[in-house]
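Below is the file upload39.txt, which contains compact mmCIF, C-alpha atoms and all ligand atoms.
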```txt
# COMPACT_ATOMS: atom_id res chain seq x y z
CA MET A 1 -3.21 15.98 -23.98
CA ILE A 2 -4.55 16.17 -20.45
CA ARG A 3 -2.84 13.91 -17.93
CA THR A 4 -3.22 13.40 -14.20
CA VAL A 5 -0.14 14.71 -12.39
CA ILE A 6 0.96 14.34 -8.80
CA LEU A 7 1.21 17.81 -7.24
CA GLY A 8 2.31 16.70 -3.79
CA THR A 9 3.11 13.62 -1.69
CA GLY A 10 2.98 13.01 2.05
CA ALA A 11 3.32 10.24 4.63
CA ALA A 12 2.78 9.72 8.34
CA VAL A 13 3.57 6.99 10.87
CA PRO A 14 2.80 6.46 14.57
CA LYS A 15 5.42 7.44 17.15
CA LYS A 16 6.03 3.96 18.59
CA VAL A 17 8.56 1.64 16.93
CA LEU A 18 8.27 -2.12 17.51
CA THR A 19 11.50 -3.99 16.70
CA ASN A 20 12.06 -7.65 15.91
CA GLN A 21 13.75 -7.90 19.32
CA ASP A 22 10.54 -6.63 20.95
CA LEU A 23 8.60 -9.36 19.12
CA GLU A 24 10.99 -12.03 20.43
CA SER A 25 9.47 -11.46 23.88
CA MET A 26 5.88 -11.65 22.56
CA VAL A 27 5.87 -14.83 20.38
CA GLU A 28 8.29 -17.65 19.58
CA THR A 29 10.32 -15.95 16.85
CA SER A 30 13.73 -14.43 16.23
CA ASP A 31 15.17 -11.32 14.64
CA GLU A 32 17.15 -13.66 12.38
CA TRP A 33 14.02 -15.50 11.10
CA ILE A 34 12.04 -12.30 10.47
CA ALA A 35 14.92 -10.44 8.81
CA THR A 36 15.97 -13.28 6.50
CA ARG A 37 12.46 -14.44 5.55
CA THR A 38 10.86 -11.02 5.13
CA GLY A 39 13.48 -8.23 5.19
CA ILE A 40 11.69 -6.55 8.11
CA LYS A 41 13.64 -5.17 11.10
CA SER A 42 11.09 -2.86 12.70
CA ARG A 43 7.63 -1.41 12.17
CA TYR A 44 5.53 1.47 13.57
CA ILE A 45 2.58 0.61 15.80
CA ALA A 46 -0.19 3.03 16.76
CA GLU A 47 -0.97 3.98 20.33
CA ASP A 48 -3.91 5.82 21.91
CA GLY A 49 -5.33 8.58 19.73
CA GLU A 50 -3.56 7.46 16.55
CA THR A 51 -6.05 6.01 14.08
CA THR A 52 -6.32 5.25 10.37
CA SER A 53 -8.01 8.62 9.80
CA THR A 54 -5.58 10.70 11.89
CA LEU A 55 -2.55 9.19 10.13
CA ALA A 56 -4.26 9.66 6.75
CA ALA A 57 -5.05 13.30 7.54
CA GLU A 58 -1.43 13.94 8.56
CA ALA A 59 -0.13 12.39 5.33
CA ALA A 60 -2.70 14.39 3.32
CA ARG A 61 -1.73 17.66 5.09
CA ARG A 62 1.88 17.10 4.04
CA ALA A 63 0.86 16.40 0.44
CA LEU A 64 -1.27 19.58 0.38
CA GLU A 65 1.55 21.62 1.90
CA MET A 66 3.98 20.39 -0.79
CA ALA A 67 1.44 21.25 -3.50
CA GLY A 68 0.63 24.65 -1.98
CA VAL A 69 -3.07 23.77 -1.99
CA LYS A 70 -5.54 24.60 0.80
CA PRO A 71 -7.86 21.93 2.26
CA GLU A 72 -10.95 23.79 1.01
CA GLU A 73 -9.63 23.51 -2.57
CA VAL A 74 -9.79 19.69 -2.45
CA ASP A 75 -12.69 18.28 -4.50
CA MET A 76 -12.49 14.61 -3.54
CA ILE A 77 -10.85 12.19 -1.10
CA VAL A 78 -10.43 8.55 -2.18
CA LEU A 79 -9.00 6.44 0.61
CA GLY A 80 -7.83 2.82 0.39
CA THR A 81 -7.93 0.89 3.66
CA THR A 82 -8.66 -2.51 5.20
CA SER A 83 -8.59 -1.16 8.75
CA PRO A 84 -11.13 1.68 8.81
CA ASP A 85 -11.72 3.72 11.98
CA MET A 86 -15.31 2.44 11.92
CA ILE A 87 -17.55 0.55 9.48
CA MET A 88 -19.59 3.75 9.12
CA PRO A 89 -18.78 6.56 8.44
CA ASN A 90 -16.14 5.86 5.84
CA THR A 91 -12.63 6.85 6.89
CA GLY A 92 -12.32 9.29 3.97
CA ALA A 93 -15.18 11.31 5.50
CA LEU A 94 -13.29 11.51 8.80
CA VAL A 95 -10.18 12.67 6.94
CA GLN A 96 -12.33 15.35 5.30
CA LYS A 97 -13.40 16.49 8.79
CA HIS A 98 -9.83 16.45 10.22
CA LEU A 99 -8.52 18.47 7.25
CA GLY A 100 -11.43 20.90 7.03
CA ALA A 101 -11.74 19.91 3.36
CA VAL A 102 -15.27 21.29 3.35
CA ASN A 103 -15.80 21.05 -0.42
CA ALA A 104 -14.63 17.46 -0.87
CA SER A 105 -16.66 14.31 -1.42
CA ALA A 106 -15.10 11.34 0.34
CA PHE A 107 -15.24 7.57 0.15
CA ASP A 108 -13.22 4.44 0.89
CA ILE A 109 -11.84 1.79 -1.43
CA TYR A 110 -11.75 -1.69 -0.01
CA ALA A 111 -9.07 -3.51 -2.01
CA ALA A 112 -6.62 -4.59 0.74
CA CYS A 113 -2.95 -3.99 -0.14
CA SER A 114 -3.93 -2.80 -3.64
CA GLY A 115 -6.10 -0.05 -2.09
CA PHE A 116 -3.84 2.86 -3.02
CA VAL A 117 -3.35 1.74 -6.63
CA TYR A 118 -7.15 1.35 -6.90
CA ALA A 119 -7.68 4.80 -5.28
CA LEU A 120 -5.15 6.48 -7.58
CA THR A 121 -6.75 4.84 -10.63
CA ILE A 122 -10.18 6.16 -9.63
CA ALA A 123 -8.72 9.63 -8.99
CA ASP A 124 -7.11 9.50 -12.44
CA LYS A 125 -10.48 8.76 -14.09
CA PHE A 126 -12.20 11.68 -12.31
CA VAL A 127 -9.36 14.05 -13.24
CA LYS A 128 -9.54 12.98 -16.89
CA GLU A 129 -13.24 13.91 -16.83
CA SER A 130 -12.72 17.23 -14.97
CA PRO A 131 -9.03 18.26 -15.17
CA GLU A 132 -9.48 21.19 -12.77
CA LYS A 133 -10.42 18.83 -9.93
CA LYS A 134 -7.95 18.37 -7.07
CA ILE A 135 -8.17 14.88 -5.60
CA LEU A 136 -6.43 13.26 -2.65
CA ALA A 137 -5.64 9.56 -3.16
CA ILE A 138 -4.66 7.97 0.15
CA GLY A 139 -3.60 4.58 1.52
CA SER A 140 -3.86 4.34 5.30
CA GLU A 141 -3.80 1.40 7.71
CA LEU A 142 -3.81 0.51 11.37
CA LEU A 143 -3.08 -3.15 10.71
CA SER A 144 -2.09 -3.49 14.38
CA SER A 145 -5.83 -3.35 15.20
CA ILE A 146 -6.57 -6.43 13.06
CA THR A 147 -3.38 -8.39 13.82
CA ASP A 148 -3.45 -11.54 15.95
CA TRP A 149 -0.59 -10.79 18.31
CA GLN A 150 -0.45 -14.47 19.34
CA ASP A 151 0.04 -15.75 15.76
CA ARG A 152 3.72 -15.66 14.85
CA ASN A 153 2.88 -16.47 11.21
CA THR A 154 1.35 -13.02 10.75
CA CYS A 155 2.12 -10.70 13.69
CA VAL A 156 5.75 -10.20 12.69
CA LEU A 157 4.75 -8.92 9.24
CA PHE A 158 2.50 -5.91 9.66
CA GLY A 159 2.84 -2.22 10.55
CA ASP A 160 0.81 1.01 10.68
CA ALA A 161 1.27 3.98 8.30
CA ALA A 162 -0.40 6.33 5.83
CA GLY A 163 0.63 7.83 2.50
CA ALA A 164 -1.14 10.37 0.30
CA VAL A 165 -0.85 12.11 -3.05
CA LEU A 166 -2.69 15.15 -4.37
CA VAL A 167 -3.48 14.89 -8.09
CA SER A 168 -4.94 17.23 -10.70
CA GLY A 169 -5.01 17.68 -14.48
CA SER A 170 -2.13 19.10 -16.53
CA THR A 171 -1.21 19.62 -20.16
CA ASP A 172 2.49 19.80 -19.29
CA GLY A 173 3.95 17.61 -22.07
CA ASP A 174 4.29 13.92 -21.30
CA ARG A 175 4.15 14.24 -17.52
CA GLY A 176 1.55 12.37 -15.47
CA ILE A 177 -0.18 9.00 -15.23
CA LEU A 178 0.39 7.09 -18.49
CA SER A 179 -1.72 4.02 -17.76
CA THR A 180 -3.51 2.15 -14.98
CA HIS A 181 -4.20 -1.60 -14.74
CA LEU A 182 -6.51 -3.26 -12.18
CA TYR A 183 -7.36 -6.94 -11.55
CA SER A 184 -9.02 -9.18 -8.99
CA ASP A 185 -9.75 -12.87 -8.41
CA GLY A 186 -12.33 -13.47 -5.69
CA CYS A 187 -12.06 -17.26 -6.10
CA LEU A 188 -8.85 -17.13 -4.05
CA TRP A 189 -10.26 -15.11 -1.13
CA GLU A 190 -9.62 -17.87 1.44
CA LEU A 191 -5.85 -17.51 1.13
CA LEU A 192 -5.86 -14.06 2.77
CA TYR A 193 -8.88 -12.84 4.72
CA ILE A 194 -10.45 -11.69 7.97
CA PRO A 195 -13.13 -14.21 8.99
CA GLY A 196 -15.15 -12.17 11.51
CA GLY A 197 -16.80 -8.78 11.81
CA GLY A 198 -18.91 -8.84 8.63
CA CYS A 199 -22.48 -10.05 8.07
CA ILE A 200 -21.47 -13.72 7.66
CA TYR A 201 -19.83 -13.86 11.10
CA PRO A 202 -20.90 -10.77 13.05
CA PRO A 203 -19.05 -9.53 16.13
CA SER A 204 -19.61 -11.71 19.21
CA ALA A 205 -17.81 -12.68 22.41
CA GLU A 206 -16.79 -15.96 20.73
CA MET A 207 -15.38 -14.10 17.72
CA ALA A 208 -13.37 -11.81 20.00
CA GLU A 209 -12.06 -14.71 22.07
CA LYS A 210 -10.87 -16.57 18.97
CA ARG A 211 -9.44 -13.31 17.56
CA ASP A 212 -11.38 -13.97 14.37
CA TYR A 213 -11.47 -10.23 13.61
CA CYS A 214 -7.77 -10.61 12.68
CA ILE A 215 -5.95 -11.30 9.42
CA ARG A 216 -5.52 -14.96 8.44
CA MET A 217 -3.06 -15.83 5.70
CA HIS A 218 -1.71 -18.91 3.95
CA GLY A 219 1.67 -17.25 3.49
CA ASN A 220 3.25 -19.73 1.10
CA GLU A 221 0.31 -19.73 -1.31
CA VAL A 222 -0.05 -15.96 -1.20
CA TYR A 223 3.67 -15.64 -1.90
CA LYS A 224 3.41 -17.59 -5.17
CA HIS A 225 0.35 -15.70 -6.41
CA ALA A 226 1.93 -12.37 -5.42
CA VAL A 227 5.08 -13.03 -7.46
CA ARG A 228 3.08 -14.14 -10.51
CA SER A 229 0.47 -11.36 -10.46
CA LEU A 230 2.91 -8.54 -9.65
CA THR A 231 5.13 -9.68 -12.52
CA ASP A 232 2.28 -10.07 -15.03
CA VAL A 233 0.63 -6.71 -14.37
CA ALA A 234 3.97 -4.87 -14.36
CA TRP A 235 4.75 -6.40 -17.76
CA GLU A 236 1.34 -5.26 -18.98
CA ALA A 237 2.04 -1.68 -17.86
CA ILE A 238 5.46 -1.72 -19.53
CA ARG A 239 4.17 -3.16 -22.83
CA THR A 240 1.05 -0.97 -22.96
CA ASN A 241 3.32 2.07 -23.06
CA ASN A 242 5.72 0.54 -25.62
CA LEU A 243 8.49 0.58 -23.05
CA LYS A 244 11.18 -1.84 -21.95
CA PRO A 245 11.96 -2.79 -18.34
CA GLU A 246 15.23 -0.85 -18.56
CA ASP A 247 13.23 2.34 -19.23
CA VAL A 248 11.76 2.19 -15.71
CA ASP A 249 13.71 4.60 -13.49
CA LEU A 250 12.00 3.61 -10.24
CA PHE A 251 9.99 0.46 -9.58
CA ILE A 252 7.86 0.69 -6.41
CA PRO A 253 6.31 -2.69 -5.59
CA HIS A 254 4.03 -3.32 -2.61
CA GLN A 255 6.30 -3.88 0.39
CA ALA A 256 5.09 -7.31 1.58
CA ASN A 257 8.33 -9.29 1.58
CA ILE A 258 11.82 -8.38 0.35
CA ARG A 259 12.10 -11.80 -1.34
CA ILE A 260 8.90 -11.17 -3.35
CA MET A 261 10.18 -7.75 -4.47
CA LYS A 262 13.56 -9.15 -5.54
CA LYS A 263 11.98 -12.09 -7.36
CA VAL A 264 9.57 -9.82 -9.30
CA ALA A 265 12.38 -7.42 -10.21
CA GLU A 266 14.49 -10.37 -11.37
CA ARG A 267 11.67 -11.68 -13.59
CA LEU A 268 11.12 -8.20 -15.03
CA GLU A 269 14.88 -7.75 -15.45
CA ILE A 270 14.78 -4.49 -13.52
CA GLN A 271 18.07 -3.90 -11.71
CA GLU A 272 17.84 -3.90 -7.93
CA ASP A 273 19.15 -0.33 -7.61
CA ARG A 274 15.97 0.79 -9.39
CA VAL A 275 13.67 -1.03 -6.97
CA TYR A 276 12.47 1.02 -4.00
CA MET A 277 12.57 -1.09 -0.83
CA ASN A 278 11.88 0.30 2.64
CA ILE A 279 10.16 -2.74 4.20
CA GLU A 280 13.05 -2.98 6.69
CA ARG A 281 11.70 0.03 8.64
CA TYR A 282 7.93 -0.26 8.08
CA GLY A 283 6.95 -3.93 7.63
CA ASN A 284 3.95 -4.60 5.44
CA THR A 285 1.62 -1.59 5.74
CA SER A 286 -0.88 -2.82 3.14
CA SER A 287 -2.44 0.05 1.16
CA ALA A 288 -0.01 2.56 2.73
CA SER A 289 3.16 0.85 1.53
CA ILE A 290 3.32 2.29 -2.00
CA PRO A 291 2.42 5.93 -1.20
CA VAL A 292 4.83 5.95 1.77
CA ALA A 293 7.62 4.70 -0.51
CA LEU A 294 6.66 7.20 -3.21
CA ASP A 295 6.79 10.07 -0.70
CA GLU A 296 10.19 8.95 0.61
CA ALA A 297 11.57 8.70 -2.92
CA ASN A 298 10.14 12.11 -3.78
CA ARG A 299 11.39 13.94 -0.68
CA SER A 300 14.85 12.37 -0.80
CA GLY A 301 15.41 13.62 -4.34
CA ARG A 302 15.44 10.13 -5.81
CA LEU A 303 12.80 11.18 -8.35
CA LYS A 304 13.60 13.64 -11.12
CA GLN A 305 11.17 15.25 -13.53
CA GLY A 306 10.72 12.99 -16.54
CA ASP A 307 11.52 9.77 -14.64
CA LEU A 308 9.37 6.72 -15.32
CA VAL A 309 7.86 5.35 -12.12
CA LEU A 310 6.06 2.01 -11.98
CA LEU A 311 3.76 1.26 -9.02
CA ASP A 312 2.87 -2.42 -8.54
CA ALA A 313 0.43 -3.76 -5.91
CA PHE A 314 -0.98 -7.10 -4.75
CA GLY A 315 -3.26 -8.03 -1.84
CA GLY A 316 -6.24 -9.84 -0.37
CA GLY A 317 -9.21 -10.48 -2.59
CA PHE A 318 -7.04 -11.24 -4.45
CA THR A 319 -6.60 -7.78 -5.96
CA TRP A 320 -3.64 -6.48 -7.91
CA GLY A 321 -2.74 -3.59 -10.17
CA ALA A 322 -0.12 -1.26 -11.61
CA VAL A 323 0.22 2.43 -12.47
CA MET A 324 2.83 3.83 -14.88
CA ILE A 325 3.74 7.48 -14.22
CA ARG A 326 5.99 9.97 -16.02
CA TRP A 327 7.21 12.08 -13.07
O1 LIG A 401 0.42 -7.98 1.64
C1 LIG A 401 -0.41 -8.88 0.98
C2 LIG A 401 0.35 -9.96 0.36
N1 LIG A 401 1.10 -10.70 1.37
C3 LIG A 401 2.17 -11.34 0.98
O2 LIG A 401 2.54 -11.24 -0.17
C4 LIG A 401 2.87 -12.25 1.96
C5 LIG A 401 3.34 -13.49 1.23
N2 LIG A 401 3.98 -14.49 2.06
C6 LIG A 401 5.18 -14.31 2.65
O3 LIG A 401 5.75 -13.25 2.62
C7 LIG A 401 5.83 -15.51 3.32
O4 LIG A 401 5.13 -16.68 2.94
C8 LIG A 401 5.88 -15.42 4.87
C9 LIG A 401 6.88 -14.35 5.30
C10 LIG A 401 4.51 -15.10 5.42
C11 LIG A 401 6.35 -16.74 5.46
O5 LIG A 401 7.64 -17.07 4.92
P1 LIG A 401 7.90 -18.56 4.38
O6 LIG A 401 9.31 -18.61 3.96
O7 LIG A 401 6.85 -18.81 3.34
O8 LIG A 401 7.71 -19.41 5.66
P2 LIG A 401 6.67 -20.62 5.93
O9 LIG A 401 5.31 -20.08 6.11
O10 LIG A 401 6.88 -21.66 4.88
O11 LIG A 401 7.20 -21.16 7.29
C12 LIG A 401 8.47 -21.79 7.40
C13 LIG A 401 8.69 -22.19 8.85
C14 LIG A 401 7.53 -22.94 9.48
O12 LIG A 401 8.07 -23.92 10.34
P3 LIG A 401 8.11 -25.46 9.91
O13 LIG A 401 6.69 -25.83 9.65
O14 LIG A 401 8.94 -25.50 8.65
O15 LIG A 401 8.74 -26.12 11.07
C15 LIG A 401 6.84 -21.89 10.29
O16 LIG A 401 6.15 -22.43 11.40
O17 LIG A 401 8.87 -20.99 9.63
C16 LIG A 401 7.99 -21.04 10.76
N3 LIG A 401 7.59 -19.68 11.11
C17 LIG A 401 8.30 -18.90 11.96
N4 LIG A 401 9.42 -19.15 12.66
C18 LIG A 401 9.88 -18.14 13.43
C19 LIG A 401 6.54 -18.98 10.65
N5 LIG A 401 6.53 -17.76 11.21
C20 LIG A 401 7.62 -17.69 12.01
C21 LIG A 401 8.14 -16.69 12.84
N6 LIG A 401 9.28 -16.96 13.53
N7 LIG A 401 7.55 -15.49 12.97
```
Could you write out this file's structure as structure tokens?
Ligand code: UT7
Amino acid sequence: MIRTVILGTGAAVPKKVLTNQDLESMVETSDEWIATRTGIKSRYIAEDGETTSTLAAEAARRALEMAGVKPEEVDMIVLGTTSPDMIMPNTGALVQKHLGAVNASAFDIYAACSGFVYALTIADKFVKESPEKKILAIGSELLSSITDWQDRNTCVLFGDAAGAVLVSGSTDGDRGILSTHLYSDGCLWELLYIPGGGCIYPPSAEMAEKRDYCIRMHGNEVYKHAVRSLTDVAWEAIRTNNLKPEDVDLFIPHQANIRIMKKVAERLEIQEDRVYMNIERYGNTSSASIPVALDEANRSGRLKQGDLVLLDAFGGGFTWGAVMIRW
């Protein structure tokens, strides 16, 4: 049976680190509040020259290097983002240019924090159709560019980062992507959204002054939906594959809040030592959070061949989804 396998992983972050202490001098907040309510201690924030596409290209280069694959061998780039370099061209096309991936088609997936899980699912479908294809699935964000730095409800949460995987087809036993599960509910869009910058409310001086190009979130409501949807879709992935929660060797949920991750793990009855949590150092990096965590787990030797890995995402839209992988 042909399955989609991950040949290489990579991640990249900006140079600058912004700590909770730094934020204390920017808005009325405290290290204690941020750490206890979210689990975040610091995050990376881009400076001049660092963009969603440059971080994505760096993460992709590392994934290609691990896989021993040249940029010109890449057939497709699928990039999840909510903070593209520009509206047009798509950021995937700019990554193609940075890499010199001259034979690759490229496009963006616009599914907020679920962007990487959506991108990986699409890559999986293309590989199933043409197993020889080599596809980069990427999640990359410069959330700092769409963060309201005067709104303490949101500005303490987000960070910038990129993560990438290179996938292709394999007949190597049971290894590879076992199942993918995607959902959305557009009726709940007003709980997490960016009001300005689109055709309904185009860019204007007024929009800029009100910082309406930035993320607005009803945190409490999002929290409840996140716990429910992450739990439900993870259960679906486990049951679809006739598995039990205790079979999962590494659970990688979207890193939005340490309390959400712990609550979902508790409901799934997955022990905490099997839950990958790195939000402390990155904050919420939206579509980048899962591939960054996957790359860390991979490079640190936490993943062994044959391990069951469960990816679980939730974000604006709402969108959510899971991917079950035999490593
Ligand atoms: O990535 C996509 C999905 N996103 C998520 O899943 C995020 C989901 N939501 C959350 O993670 C949490 O709801 C937050 C971390 C955003 C907020 O935590 P919370 O425990 O739900 O806090 P809250 O919004 O209920 O606010 C509690 C209090 C409020 O004060 P009052 O009204 O009780 O006096 C806030 O004004 O905390 C206050 N507060 C802050 N205080 C210090 C809110 N932000 C801050 C802050 N520093 N940065």
task = Could you report the residues within 7 Å of ligand LIG 401 (chain A), using only C-alpha atoms and all ligand atoms, as a PyMOL selection string?
result = chain A and resi 28-30+33-34+37-38+113+152-154+156+219-220+222-223+226+256-257+284+286+314-316
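Going from CA of Gly159 in chain A over to CA of Cys214 in chain A, you cover 13.7 Å.
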task = Would you mind reading off the distance between CA of Gln305 in chain A and CA of Ile6 in chain A, one decimal, in Å?
result =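 Going from CA of Gln305 in chain A over to CA of Ile6 in chain A covers 11.3 Å.
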request  = Would you list the residues near (-7.0, 13.8, -21.1), meaning any protein, DNA or RNA residue with an atom at most 12 Å from that point in file coordinates, counting only C-alpha atoms, as a ChimeraX atom specification?
outcome  = /A:1-5,124-132,168-179
message = At a cut-off of 12 Å, using only C-alpha atoms, what residues contact Gly186 in chain A? Leave out same-chain residues fewer than 2 positions from it and give the result as a list of chain:residue names.
response = A:Ala111, A:Tyr183, A:Ser184, A:Leu188, A:Trp189, A:Glu190, A:Leu191, A:Leu192, A:Tyr193, A:Gly315, A:Gly316, A:Gly317, A:Phe318, A:Thr319, A:Trp320
message = From the options A:Tyr213, A:Trp235, A:Phe158, A:Trp149, which residue's atoms come nearest to Ile40 in chain A, counting only C-alpha atoms?
response =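 Ranking A:Tyr213, A:Trp235, A:Phe158, A:Trp149 by distance to Ile40 in chain A, first place goes to A:Phe158.
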Pick from A:Phe251, A:Trp327, A:Tyr201, A:Tyr44, whichever lies nearest to Tyr282 in chain A using all atoms listed in the file =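 For Tyr282 in chain A, the nearest of the candidates is A:Tyr44.
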task = Report the distance between CA of Glu269 in chain A and CA of Arg299 in chain A in Å, rounded to one decimal place.
result = 26.5 Å
Polymer residues at most 9 Å from Gln150 in chain A, only C-alpha atoms, same-chain spacing of 4 or more positions, as a PyMOL selection string = chain A and resi 26-27+154-155
Could the residues in this selection be written to a file with C-alpha atoms, as a PDB file, in the coordinates of the input?
```pdb
ATOM      1  CA  MET A  26       5.880 -11.650  22.560  1.00  0.00           C
ATOM      2  CA  VAL A  27       5.870 -14.830  20.380  1.00  0.00           C
ATOM      3  CA  THR A 154       1.350 -13.020  10.750  1.00  0.00           C
ATOM      4  CA  CYS A 155       2.120 -10.700  13.690  1.00  0.00           C
TER       5      CYS A 155
END
```
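Minimum distance to Ser114 in chain A across A:Met324, A:Val264, A:Ile45, A:Ala313 (counting only C-alpha atoms) occurs at A:Ala313.
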Show me, as a Markdown table, the residues of range 157-252 of chain A having an atom within 7 Å of range 55-68 of chain A, each with the closest atom pair and its distance in Å, using only C-alpha atoms.
```
| residue | atom | partner | partner_atom | distance |
| --- | --- | --- | --- | --- |
| A:Ala161 | CA | A:Leu55 | CA | 6.7 |
| A:Ala162 | CA | A:Ala56 | CA | 5.2 |
| A:Gly163 | CA | A:Ala59 | CA | 5.4 |
| A:Ala164 | CA | A:Ala60 | CA | 5.3 |
| A:Val165 | CA | A:Ala63 | CA | 5.8 |
| A:Leu166 | CA | A:Ala63 | CA | 6.1 |
```
Name all residues at most 10 Å from Val292 in chain A (count only C-alpha atoms; drop same-chain ones fewer than 2 positions away) and give them as an mmCIF file with C-alpha atoms, in the frame of the given file.
```cif
data_model
loop_
_atom_site.group_PDB
_atom_site.id
_atom_site.type_symbol
_atom_site.label_atom_id
_atom_site.label_comp_id
_atom_site.auth_asym_id
_atom_site.auth_seq_id
_atom_site.Cartn_x
_atom_site.Cartn_y
_atom_site.Cartn_z
ATOM 1 C CA THR A 9 3.110 13.620 -1.690
ATOM 2 C CA GLY A 10 2.980 13.010 2.050
ATOM 3 C CA ALA A 11 3.320 10.240 4.630
ATOM 4 C CA ALA A 12 2.780 9.720 8.340
ATOM 5 C CA VAL A 13 3.570 6.990 10.870
ATOM 6 C CA ALA A 59 -0.130 12.390 5.330
ATOM 7 C CA ILE A 138 -4.660 7.970 0.150
ATOM 8 C CA GLY A 139 -3.600 4.580 1.520
ATOM 9 C CA SER A 140 -3.860 4.340 5.300
ATOM 10 C CA ALA A 161 1.270 3.980 8.300
ATOM 11 C CA ALA A 162 -0.400 6.330 5.830
ATOM 12 C CA GLY A 163 0.630 7.830 2.500
ATOM 13 C CA ALA A 164 -1.140 10.370 0.300
ATOM 14 C CA VAL A 165 -0.850 12.110 -3.050
ATOM 15 C CA ASN A 278 11.880 0.300 2.640
ATOM 16 C CA TYR A 282 7.930 -0.260 8.080
ATOM 17 C CA THR A 285 1.620 -1.590 5.740
ATOM 18 C CA SER A 287 -2.440 0.050 1.160
ATOM 19 C CA ALA A 288 -0.010 2.560 2.730
ATOM 20 C CA SER A 289 3.160 0.850 1.530
ATOM 21 C CA ILE A 290 3.320 2.290 -2.000
ATOM 22 C CA LEU A 294 6.660 7.200 -3.210
ATOM 23 C CA ASP A 295 6.790 10.070 -0.700
ATOM 24 C CA GLU A 296 10.190 8.950 0.610
ATOM 25 C CA ALA A 297 11.570 8.700 -2.920
ATOM 26 C CA ASN A 298 10.140 12.110 -3.780
#
```
